[in-house]
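Here the structure is laid out as structure tokens; the discussion comes afterwards.
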Amino acid sequence: MVSFNVEKIREDFPTLNQQVNGKTLVYLDNAATTHKPKYVLNAIKDYYEKYNANPNRGAHYLGVSATEFYESSREKVRQFINAKSAREIIFTRNATEALNLIAYSYGLKYIEEGDEIVVLISEHHSNIVPWQKIVQIKNAKLKYIYLNEDYRLDMEEVRRKITDRTKIVSLAQMSNVLGTVYPVKEIAEYAHSKGAIVIVDGAQSVPHMKVDVLDLDADFLVFSGHKMLAPMGIGVLYGKEELLEKMPPFLMGGDMIEYVEEQTTTFAELPRKFEAGTPNVEGAVGLRAAIEYIEKIGFENIQKQEENLTAYALERLKEIPYVKIYGPLDMKDRGAVISFGLEGCHPHDVSTIVDSYGVALRAGHHCAQPLMKYLKAPATSRISFYFYNTKEEIDIFIDSLSKVRKWLGYGS
Amino acid sequence: MDLNELYTELILEHSQSGHNKRHLKDANCTERGHNPSCGDDITLELVCSEDGTIKDASFTGIGCAISQASTSMMIDLIKGKSKEEAETLADIFLSMIKKEITDDEELEVLEDAIVFKNISNMPARVKCAVLSWHTLKEAIKKGA
């Protein structure tokens, strides 16, 4: 294992080293987006300064170089998630677009009246709203797996909800609100035994842990680059080749065609069949650099640092009276996301007040309104870490949080 | 914007006292307003007489200190006013937030609610302050 020096790592991130509201920035909103290391920023700058052309067309030098950049990024992603072939890696804008692609292409073709699509109650809207649309069109049914009181999943409930009528099981590997990491492999095995396909939303897991699509036996995996050091606007759809092959294209236009006649078109091979229009080469280059950076640090180090931070934050949060934590209270199957409420204080006031101390956290429903309703919480505050956060930052956060109730006029 | 300027005694008093937070048994107009992104969700209740006077007003729901205080101040202000007057006040409040009206004398009619004048310096909290005023305009538009 390579040695891990967080202070040294922080020097790589220009945005982390700044003052906000006259205070040192404490950035605890990594589940929303992460900051970018110089290594990624320079890769993008380098690409634009030396290359910059449309990939897949034009025989000139720059065009060929752009194609090589783009395709080598695809190969990097393939290796990162252990897919069998680069043909199985489709670049999208983000995880949301990837889920929409699956819903509109696979869902519209293969979901029939009376079929069931099963998701968890803790899903992000991006893994709920597209399915609502598909079940409406197809007169099918969207079913939810509910959680236990400890915010974890009971396989009994999984077996109750996934039936012979279930065609798709789509779930986040880690909840962006609760921090729970779900037993995706076990769920996939059961879903497959019932003849359903399994879609894994890796937006919160892929940046933080080794995700191996073959080990999980995921039929699809989606994730977003910007939550793992890459720029915004680049995401990934992985799909098993035999599934992608039989799916119709999602967006039509340039680059995804083979022959276009006046009235008909034949489509390009995978992966270009699903990549209409000039692609986001800059994003792909940035994503490759981000993966290289993550690999250099190593998931072993990343996970250890995040576990230390999360365990410490949980412990310190429990010290503060009036705090209620929404999510597992111990570290078993748990990621670096902690949602909480502070009695008598609306999360937006909490956010504004800690922001004045330089602390960036998230307040609201975190794009998971059905979960909020299920938890009977109109909104929560959320802190989320990446490997570049420190214990000192948690201390600053706890200190600022302990002042919130006073600002809002409570005695303590 | 300084926290002292935002969480003033007046705002905290209004957000916590709850003197306007209740159901009105004989309400003849209710209008829900919400900010989906932050979870502010209020329902405005009005009792309007036939001549168009707002005889009583109240609200229920949840939200941050800013949205709750703004709603409460608005209710104090519009009680006893005609619907037209109430709508004019809402327009003045929204113009104040947009910095279209900055003259304090012109804003005097807003009474306590003038404390939100500087919220425009806090873009993230503007929608908390304006929620109830938009809800009021919606209620009047629908013929309260």
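Just so we're on the same page: first chain in the structure tokens is A, next is B, and so on; residues restart at 1 for each chain, and ligands are numbered from 1 in the order they show up.
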(request) Using only C-alpha atoms, find the residues of chain B whose closest atom to chain A is at most 6 Å away, then write them as a count of residues only. (result) 3
(request) Apply DSSP to the backbone of this structure and, from stretch 74-228 of chain A, keep only the residues in strand (DSSP E); write these as number ranges by chain. (result) A: 89-92, 116-120, 141-145, 166-172, 197-201, 220-224
How about saving the chosen residues, C-alpha atoms kept, as a PDB file, in the first residue's frame?
ATOM      1  CA  ILE A  89     -18.611   1.277 -22.212  1.00  0.00           C
ATOM      2  CA  ILE A  90     -20.886   4.096 -23.403  1.00  0.00           C
ATOM      3  CA  PHE A  91     -20.061   7.689 -22.533  1.00  0.00           C
ATOM      4  CA  THR A  92     -23.037   9.769 -21.402  1.00  0.00           C
ATOM      5  CA  GLU A 116     -42.781  -5.039 -12.567  1.00  0.00           C
ATOM      6  CA  ILE A 117     -39.815  -2.739 -12.091  1.00  0.00           C
ATOM      7  CA  VAL A 118     -38.370  -2.839  -8.576  1.00  0.00           C
ATOM      8  CA  VAL A 119     -36.300  -0.087  -6.928  1.00  0.00           C
ATOM      9  CA  LEU A 120     -35.347   0.800  -3.342  1.00  0.00           C
ATOM     10  CA  LYS A 141     -45.901  -1.466 -12.104  1.00  0.00           C
ATOM     11  CA  LEU A 142     -43.167   0.311 -10.112  1.00  0.00           C
ATOM     12  CA  LYS A 143     -42.525  -1.377  -6.757  1.00  0.00           C
ATOM     13  CA  TYR A 144     -40.396  -0.272  -3.818  1.00  0.00           C
ATOM     14  CA  ILE A 145     -38.241  -2.263  -1.442  1.00  0.00           C
ATOM     15  CA  THR A 166     -40.178  -8.515 -12.160  1.00  0.00           C
ATOM     16  CA  LYS A 167     -38.264  -7.584 -15.307  1.00  0.00           C
ATOM     17  CA  ILE A 168     -35.917  -4.897 -13.960  1.00  0.00           C
ATOM     18  CA  VAL A 169     -34.327  -4.384 -10.551  1.00  0.00           C
ATOM     19  CA  SER A 170     -32.599  -1.009 -10.418  1.00  0.00           C
ATOM     20  CA  LEU A 171     -30.768   0.129  -7.307  1.00  0.00           C
ATOM     21  CA  ALA A 172     -28.045   2.409  -6.040  1.00  0.00           C
ATOM     22  CA  ILE A 197     -32.035  -7.804 -15.179  1.00  0.00           C
ATOM     23  CA  VAL A 198     -30.121  -5.713 -12.638  1.00  0.00           C
ATOM     24  CA  ILE A 199     -29.131  -2.060 -13.031  1.00  0.00           C
ATOM     25  CA  VAL A 200     -26.628  -0.720 -10.526  1.00  0.00           C
ATOM     26  CA  ASP A 201     -26.465   3.035  -9.910  1.00  0.00           C
ATOM     27  CA  PHE A 220     -25.844  -2.376 -16.291  1.00  0.00           C
ATOM     28  CA  LEU A 221     -23.780   0.015 -14.198  1.00  0.00           C
ATOM     29  CA  VAL A 222     -24.044   3.806 -14.368  1.00  0.00           C
ATOM     30  CA  PHE A 223     -21.944   6.523 -12.763  1.00  0.00           C
ATOM     31  CA  SER A 224     -20.971  10.190 -13.049  1.00  0.00           C
TER      32      SER A 224
END
(request) Would you list the contacts of A:Val206 as number ranges by chain, taking every protein, DNA or RNA residue within 10 Å and counting only C-alpha atoms, but skipping same-chain residues closer than 2 positions in sequence? (result) A: 80-81, 173-174, 201-204, 208-212, 221-225, 227-228
(message) For a test of reading the model, state the distance in Å between atom CA of B:Ile54 and atom CA of B:His14, rounded to one decimal.
(response)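 Value for the atom CA of B:Ile54-atom CA of B:His14 distance: 20.5 Å.
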(request) Excluding B:Glu13 and any residue of its chain fewer than 5 positions from it, enumerate the residues within 10 Å of it, using only C-alpha atoms, and give them as a ChimeraX atom specification. (result) /A:408-409 /B:7-8,18-19,65,69,72
(request) With a distance cut-off of 9 Å and only C-alpha atoms, select the neighbouring residues of B:Ala90, excluding the residue or stretch itself and same-chain residues fewer than 4 positions from it, and output the selection as a list of chain:residue names. (result)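 Near B:Ala90, the qualifying residues are B:Met74, B:Glu85, B:Ala86, B:Leu94, B:Ser95, B:Leu110, B:Trp133, B:His134, B:Leu136, B:Lys137.
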Only C-alpha atoms, please: the residues just picked out, written as a PDB file, in the first residue's frame.
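Heads up, here's the output in selection_2.pdb:
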ATOM      1  CA  MET B  74     -47.011  39.100   5.876  1.00  0.00           C
ATOM      2  CA  GLU B  85     -54.155  46.404  -1.038  1.00  0.00           C
ATOM      3  CA  ALA B  86     -52.684  43.038  -0.086  1.00  0.00           C
ATOM      4  CA  LEU B  94     -41.134  41.398  -4.282  1.00  0.00           C
ATOM      5  CA  SER B  95     -39.815  44.620  -5.839  1.00  0.00           C
ATOM      6  CA  LEU B 110     -44.206  46.774   4.586  1.00  0.00           C
ATOM      7  CA  TRP B 133     -45.811  36.507  -0.880  1.00  0.00           C
ATOM      8  CA  HIS B 134     -45.981  34.534  -4.112  1.00  0.00           C
ATOM      9  CA  LEU B 136     -50.612  35.215  -1.465  1.00  0.00           C
ATOM     10  CA  LYS B 137     -50.589  36.554  -5.019  1.00  0.00           C
TER      11      LYS B 137
END
(message) Report, in Å to a single decimal, how far apart atom CA of B:Ile11 and atom CA of B:Ile119 are.
(response)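 A separation of 12.2 Å between them.
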(request) Could you please determine the separation between atom CA of A:Asp154 and atom CA of A:Asp219 in Å, to one decimal place? (result)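 We find that atom CA of A:Asp154 and atom CA of A:Asp219 lie 22.3 Å from each other.
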With only C-alpha atoms as the counted atoms, please give the residues lying no more than 10 Å from B:Glu87, apart from itself and same-chain residues fewer than 3 positions off, as a compact mmCIF listing (two decimals) with N, CA and C atoms, in the first residue's frame.
# COMPACT_ATOMS: atom_id res chain seq x y z
N ILE B 78 -51.38 41.92 6.25
CA ILE B 78 -52.54 41.92 5.32
C ILE B 78 -53.88 41.80 6.04
N LYS B 81 -56.86 44.27 5.49
CA LYS B 81 -56.70 45.00 4.23
C LYS B 81 -57.60 44.41 3.14
N SER B 82 -57.82 45.20 2.10
CA SER B 82 -58.56 44.64 0.96
C SER B 82 -57.61 43.76 0.15
N LYS B 83 -58.20 42.93 -0.68
CA LYS B 83 -57.36 42.05 -1.50
C LYS B 83 -56.44 42.85 -2.41
N GLU B 84 -56.98 43.98 -2.94
CA GLU B 84 -56.17 44.81 -3.83
C GLU B 84 -54.98 45.38 -3.07
N ALA B 90 -47.72 42.86 -1.67
CA ALA B 90 -46.90 41.73 -2.14
C ALA B 90 -45.99 42.19 -3.27
N ASP B 91 -46.55 43.01 -4.17
CA ASP B 91 -45.73 43.52 -5.28
C ASP B 91 -44.58 44.38 -4.77
N ILE B 92 -44.89 45.22 -3.77
CA ILE B 92 -43.83 46.07 -3.20
C ILE B 92 -42.75 45.21 -2.55
N PHE B 93 -43.18 44.18 -1.82
CA PHE B 93 -42.21 43.29 -1.16
C PHE B 93 -41.30 42.62 -2.21
N TRP B 133 -45.29 35.37 -0.10
CA TRP B 133 -45.81 36.51 -0.88
C TRP B 133 -46.28 36.05 -2.25
N HIS B 134 -45.53 35.13 -2.84
CA HIS B 134 -45.98 34.53 -4.11
C HIS B 134 -47.25 33.72 -3.88
N LEU B 136 -49.50 34.26 -1.64
CA LEU B 136 -50.61 35.22 -1.47
C LEU B 136 -51.12 35.71 -2.82
N LYS B 137 -50.19 36.06 -3.70
CA LYS B 137 -50.59 36.55 -5.02
C LYS B 137 -51.37 35.49 -5.80
N GLU B 138 -50.89 34.25 -5.65
CA GLU B 138 -51.56 33.12 -6.31
C GLU B 138 -52.99 32.97 -5.77
N ALA B 139 -53.12 33.08 -4.45
CA ALA B 139 -54.43 32.94 -3.81
C ALA B 139 -55.39 34.01 -4.33
N ILE B 140 -54.89 35.25 -4.42
CA ILE B 140 -55.75 36.35 -4.87
C ILE B 140 -56.11 36.19 -6.35
N LYS B 141 -55.13 35.74 -7.11
CA LYS B 141 -55.37 35.53 -8.54
C LYS B 141 -56.48 34.50 -8.77
Report as a Markdown table: every residue of stretch 219-274 of chain A with an atom at most 8 Å from stretch 39-56 of chain A, its closest pair of atoms, and their distance in Å to one decimal, counting only C-alpha atoms, with rows sorted by chain and ascending residue number.
| residue | atom | partner | partner_atom | distance |
| --- | --- | --- | --- | --- |
| A:Leu229 | CA | A:Val40 | CA | 7.5 |
| A:Ala230 | CA | A:Val40 | CA | 6.8 |
| A:Asp255 | CA | A:Asn56 | CA | 7.5 |
(message) If DSSP is run on the backbone, what residues of chain B are alpha helix (DSSP H)? A reply as an MDAnalysis selection string would be ideal.
(response) chainID B and resid 3:6 9:17 65:78 83:97 104:107 123:141
(message) At a cut-off of 12 Å, using only C-alpha atoms, what residues contact B:Asn118? Leave out same-chain residues fewer than 4 positions from it and give the result as a list in words.
(response)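 Residues meeting the cut-off are Met1, Asp2, Leu3, Asn4, Glu5, Leu6, Tyr7, Phe93, Met96, Ile97, Lys98, Lys99, Thr102, Asp104, Ala113, Ile114, Met122, Pro123, Arg125, Val126 and Ala129 of chain B.
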